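Working notes for the structure below.
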Amino acid sequence: MKFYILTLFPEMVEQGLTTSIIGRAVANGLLSVEAVNIRDYTTDRHKKVDDYPYGGGAGMVMQAQPIYDAWCAVKKKCNSPARTIYLTPQAPVFHQAMAKELAEEENLILLCGHYEGVDERVLEEIVTDYVSIGDYVLTGGELAAMVVCDAISRMVPGVLTNEESGTTESLEGGLLEYPQYSRPEEWNGKKVPEILLSGDHAKVDAWRRKQSILRTAERRPDLLDQAVLTEEERKEWA
Ligand code: ADE
């Protein structure tokens with residue numbers, strides 16, 4: 001899978017996506033991340049990429065030309081049709097199912113905005129998907145692009161080792177993950193739940209399932225409607 005990130009701050013995404021698990025996947029050739037500097041494509045003599053908004057108002061708007069030319073250059077390198085994601089708070093909020101779906105793509109182009117926005121005409125021309133990472137405003141799309149790339153990457157087969165890729169993890173089946181414990185058995189006067197030491201796998205699984213449901217009900221009740229629960233589970237814990 002190949003990510004192309006169109007940005008005015010390529011070093012930011014390069015540093016963020018070349019360490020840890022994503023960095024390992026890049027080194028292994030499972031993924032590639034190419035940060036494309038939009039400024040390299042401006043035809044302006046002074047390397048300008050933004051201008052005042054028509055109609056007035058605060059701030060600057062990123063101009064269409066450099067973005068479009070950067071996008072065309074990237075598009076040429078993709079041998080399959082590539083979706084283009086624009087990171088903006090004015091969009092549906094990213095979630096795990098989107099990450100899974102996007103992980104099936106061969107190429108993805110992500111556009112990071114800055115200043116007060118991007119000329120609408122270029123968005124109309126190139127963007128296939130508008131994605132927000134939450135209801136707050138960041139100074140630019142770079143952190144959002146990194147979040148989205150990270151979540152997609154770990155869904156690409158081979159990126160996580162077997163050990164890293166619990167299928168029973170947060171948000172699988174629409175539930176939050178159960179609490180986890182490691183050694184020692186007692187820490188700060190707190191004991192690990194007895195059942196986890198029992199060696200009875202069926203009992204452990206049942207306990208974890210219940211904890212997942214209780215935790216979801218407590219912390220993210222909004223997820224419960226969509227979660228896959230038996231009638232009994234719903235009656236007792238949800
Ligand atoms: N750019 C600025 N804020 C953002 C957000 N919340 N999500 C995605 N892109 C953004």
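Labels used: A, B, ... for chains in the order of the structure tokens, numbers from 1 for residues in each chain, and numbers from 1 for ligands as shown.
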
Tell me, counting only C-alpha atoms and all ligand atoms, for each residue of chain A within 8 Å of ligand 1, which pair of atoms is nearest and how far apart they are in Å to one decimal, in rows ordered by chain and increasing number, as a Markdown table.
```
| residue | atom | partner | partner_atom_place_in_ligand_line | distance |
| --- | --- | --- | --- | --- |
| A:Tyr86 | CA | ligand 1 | 9 (N) | 7.6 |
| A:Leu87 | CA | ligand 1 | 9 (N) | 3.9 |
| A:Thr88 | CA | ligand 1 | 9 (N) | 3.5 |
| A:Pro89 | CA | ligand 1 | 5 (C) | 4.0 |
| A:Gln90 | CA | ligand 1 | 7 (N) | 7.7 |
| A:Ala91 | CA | ligand 1 | 7 (N) | 7.8 |
| A:Val93 | CA | ligand 1 | 7 (N) | 7.7 |
| A:Cys112 | CA | ligand 1 | 1 (N) | 7.4 |
| A:Gly113 | CA | ligand 1 | 1 (N) | 6.7 |
| A:His114 | CA | ligand 1 | 1 (N) | 7.7 |
| A:Val131 | CA | ligand 1 | 8 (C) | 6.1 |
| A:Ser132 | CA | ligand 1 | 7 (N) | 3.5 |
| A:Ile133 | CA | ligand 1 | 7 (N) | 4.0 |
| A:Gly134 | CA | ligand 1 | 6 (N) | 4.6 |
| A:Asp135 | CA | ligand 1 | 6 (N) | 5.5 |
| A:Tyr136 | CA | ligand 1 | 6 (N) | 4.8 |
| A:Val137 | CA | ligand 1 | 3 (N) | 3.9 |
| A:Leu138 | CA | ligand 1 | 3 (N) | 3.8 |
| A:Thr139 | CA | ligand 1 | 2 (C) | 5.8 |
| A:Gly140 | CA | ligand 1 | 1 (N) | 4.9 |
| A:Gly141 | CA | ligand 1 | 1 (N) | 4.1 |
| A:Glu142 | CA | ligand 1 | 1 (N) | 7.6 |
| A:Leu143 | CA | ligand 1 | 9 (N) | 7.7 |
| A:Ala144 | CA | ligand 1 | 8 (C) | 4.9 |
| A:Ala145 | CA | ligand 1 | 9 (N) | 7.3 |
```

Compile a residue-level contact table for range 99-207 of chain A against range 45-64 of chain A at a cut-off of 8 Å, reporting for every qualifying residue the shortest atom pair and its distance in Å to one decimal, with only C-alpha atoms counted, rows ordered by chain and ascending number, as a tab-separated table.
```
residue	atom	partner	partner_atom	distance
A:Gly113	CA	A:Met62	CA	7.5
A:His114	CA	A:Met62	CA	7.1
A:Tyr115	CA	A:Met60	CA	5.6
A:Glu116	CA	A:Gly59	CA	5.5
A:Gly117	CA	A:Val61	CA	5.1
A:Val118	CA	A:Met62	CA	4.6
A:Asp119	CA	A:Gln63	CA	5.6
A:Arg121	CA	A:Ala64	CA	7.0
A:Val122	CA	A:Ala64	CA	5.1
```

* Asked: Which neighbours of Tyr41 in chain A fall inside 10 Å, counting only C-alpha atoms, when residues of the same chain fewer than 5 positions from it are skipped, and could you give them as a PyMOL selection string?
  -> chain A and resi 36+47+49+65-71+73

* To do: Could you check how far CA of Asn162 in chain A sits from CA of Glu14 in chain A, in Å to one decimal?
  => 26.3 Å

* Check range 66-211 of chain A with DSSP on the backbone and list each residue it calls strand (DSSP E), as number ranges by chain. => A: 83-87, 107-112, 129-131, 186-187, 190-191

* Apply DSSP to the backbone of this structure and, from range 8-208 of chain A, keep only the residues in helix (DSSP H, G or I); write these as a PyMOL selection string. => chain A and resi 10-16+20-27+38-41+64-77+96-102+120-126+142-153+172-174+194-197+201-208

* Can you pull out every residue within 9 Å of range 171-180 of chain A, counting only C-alpha atoms, but drop anything in the same chain fewer than 2 positions away, and send it as a PyMOL selection string? => chain A and resi 96+167-169+182+207-216+219-220+223-224+226-229

* To do: Just the residues within 8 Å of range 1-13 of chain A, please, counting only C-alpha atoms, with nothing from its chain fewer than 3 positions along; format it as number ranges by chain.
  => A: 16-17, 30-39, 67, 70-71, 74, 103, 105-113, 142-143, 145-146, 149, 156

* For Ile21 in chain A, list every protein, DNA or RNA residue within 9 Å, evaluated using only C-alpha atoms, and leave out those in the same chain fewer than 4 positions away; present the list as a ChimeraX atom specification. => /A:17,25-26,154,159-160

* **Top pick for closest residue to Pro221 in chain A, considering A:Thr19, A:Ala99, A:Trp237, A:Ser80 and counting only C-alpha atoms** =>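 Checking each candidate against Pro221 in chain A, we get A:Trp237 as the closest.
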